[in-house]
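Report on the structure given below.
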Amino acid sequence: MIDLKDKIDLNKLPQHIAIIMDGNGRWAKKRGKLRIFGHESGVKAVRETTEAAAELGIKYITLYAFSTENWDRPKYEIDALMQLLVNTISKETKTLNENNIKLVAIGDLKSLPKDCYQNLNKSIENTANNTRMTLVLALSYSSKWEIIEAVKNIAQKVQNNQILPQNITQNDFSDCLSTSLLGIPDPDLLIRTSDEYRISNFLLWQIAYAELYFTPTLWPDFRKEDLYEAIVNYQKRERRFGKTSEQIKPI
Ligand code: FPP
């Protein structure tokens, strides 16, 4: 039997995969457990996905770990989730280094609890020279927050007479987004788990031409095979970027 992995064309890999990890709460509820048990179980899926992506040769993976809107959840869930993030990030730094994976983060990081912020920065510094793959954590992130930050940045440039309003280009704007500031290209593939069909304020500008892939699998159940399946599906698509099919086909 052909392995799903063998169906992947390594010459046509998405350069950047972004993932909305959803369904942890429902996964736990189905088992009669607290929501945090679902988040804890989601860490295995994070590990498997990161490992599978690095093995394949994917260059960037972005995980939506905590949205700006998640701050509205009950305090005990936020506290437990933050603790889980601190512990996981610290514990996994060694493995990231062993696998030559660089960790970076996007979002309103200053709003994170102090220990979470400090641990995150430590891991970011410790893995800064790694080159095989970049793992981007979106933490306290929302696209609308990021877009407003970019607008403020551009407005400041206008005020400083560095740019005229009528000369502002799409590139000027995207250069001010947190992903561009870190040298992260736009995602080619966006995956959302748990049978929800929303973007939830995630990378709105950057996914303008991303291929979208939705799966009913709940995040804690997501494994390497699920990632392979998403990539195989992605590789069957024709990415036209607004052009006609004929225009993009080699003659
Ligand atoms: C969404 O499920 C998931 C989250 C808000 C948190 C994701 C966090 C982890 C998997 C923890 C580890 C992450 C890293 C990067 C170390 P949900 O709670 O919205 O689930 P529901 O829709 O079923 O309620």
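Here, A, B, ... name the chains of the structure tokens in the order displayed, residue numbers run from 1 inside each chain, and ligands are numbered from 1 in the same displayed order.
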Taking the DSSP secondary structure from the backbone, can you list the residues of segment 51-235 of chain A that are strand (DSSP E or B), as an MDAnalysis selection string?
chainID A and resid 60:67 101:106 133:141 189:192 211:214
Might you pull out every residue within 8 Å of segment 74-90 of chain A, with only C-alpha atoms counted and same-chain residues fewer than 3 positions away left off, and present them as a list in words?
Arg35, Ile36, His39, Glu40, Val43, Asn70, Trp71, Thr93, Pro113, Asp115, Cys116, Asn119, Leu120 and Ser123 of chain A
Just the alpha helix (DSSP H) stuff from segment 106-139 of chain A, please, per backbone DSSP, written as a ChimeraX atom specification.
/A:114-126
Would you list the contacts of Ile17 of chain A as an mmCIF file with all heavy atoms, in the first residue's frame, taking every protein, DNA or RNA residue within 6 Å and counting only C-alpha atoms, but skipping same-chain residues closer than 2 positions in sequence?
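Here's the written file selection24.cif:
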```cif
data_model
loop_
_atom_site.group_PDB
_atom_site.id
_atom_site.type_symbol
_atom_site.label_atom_id
_atom_site.label_comp_id
_atom_site.auth_asym_id
_atom_site.auth_seq_id
_atom_site.Cartn_x
_atom_site.Cartn_y
_atom_site.Cartn_z
ATOM 1 N N ILE A 61 5.989 27.155 9.666
ATOM 2 C CA ILE A 61 4.703 26.672 10.148
ATOM 3 C C ILE A 61 4.217 27.664 11.210
ATOM 4 O O ILE A 61 4.976 28.056 12.084
ATOM 5 C CB ILE A 61 4.820 25.217 10.639
ATOM 6 C CG1 ILE A 61 3.468 24.568 10.754
ATOM 7 C CG2 ILE A 61 5.524 25.046 11.919
ATOM 8 C CD1 ILE A 61 3.469 23.194 10.220
ATOM 9 N N PRO A 187 1.281 32.573 3.986
ATOM 10 C CA PRO A 187 1.004 31.126 3.950
ATOM 11 C C PRO A 187 0.500 30.678 2.576
ATOM 12 O O PRO A 187 -0.238 31.402 1.913
ATOM 13 C CB PRO A 187 -0.105 30.938 4.989
ATOM 14 C CG PRO A 187 -0.132 32.167 5.799
ATOM 15 C CD PRO A 187 0.403 33.271 4.938
ATOM 16 N N LEU A 189 -0.836 27.497 2.475
ATOM 17 C CA LEU A 189 -1.897 26.581 2.895
ATOM 18 C C LEU A 189 -2.331 26.931 4.314
ATOM 19 O O LEU A 189 -1.487 27.101 5.198
ATOM 20 C CB LEU A 189 -1.344 25.139 2.858
ATOM 21 C CG LEU A 189 -2.192 24.025 3.458
ATOM 22 C CD1 LEU A 189 -3.528 23.867 2.745
ATOM 23 C CD2 LEU A 189 -1.428 22.685 3.413
ATOM 24 N N LEU A 190 -3.656 27.069 4.486
ATOM 25 C CA LEU A 190 -4.211 27.300 5.822
ATOM 26 C C LEU A 190 -5.073 26.105 6.194
ATOM 27 O O LEU A 190 -5.992 25.740 5.458
ATOM 28 C CB LEU A 190 -5.059 28.579 5.858
ATOM 29 C CG LEU A 190 -5.816 28.789 7.175
ATOM 30 C CD1 LEU A 190 -4.884 29.282 8.278
ATOM 31 C CD2 LEU A 190 -6.957 29.775 7.008
#
```
Nearest-residue call for ligand 1, choices A:Pro185, A:Gly42, A:Pro14, A:Pro216, using only C-alpha atoms and all ligand atoms:
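Between A:Pro185, A:Gly42, A:Pro14, A:Pro216, the residue approaching ligand 1 most closely is A:Gly42.
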Tell me which protein, DNA and RNA residues are within 12 Å of Ser140 of chain A, counting only C-alpha atoms, leaving out same-chain ones fewer than 5 positions away, and put them as a list in words.
Leu63, Tyr64, Ala65, Phe66, Ser67, Thr68, Glu69, Asn70, Trp71, Asp72, Ile78, Leu81, Met82, Leu85, Ala105, Ile106, Gly107, Asp108, Leu109, Lys110, Ser111, Leu112, Pro113, Cys116, Tyr117, Trp145, Glu146, Asn201 and Phe202 of chain A
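Here the question is which of A:Arg239, A:Lys224, A:Lys94, A:Lys33 gets nearest to Ala210 of chain A using only C-alpha atoms, and that residue is A:Arg239.
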Using only C-alpha atoms and all ligand atoms, find the one residue out of A:Ile147, A:Ala230, A:Leu13, A:Ala28 that sits nearest to ligand 1.
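Using only C-alpha atoms and all ligand atoms, the shortest distance to ligand 1 belongs to A:Ala28.
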Calculated over only C-alpha atoms, which of the candidates A:Leu137, A:Val104, A:Ile20, A:Ala52 has the smallest distance to Asp226 of chain A?
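Comparing A:Leu137, A:Val104, A:Ile20, A:Ala52 against Asp226 of chain A, the winner is A:Ala52.
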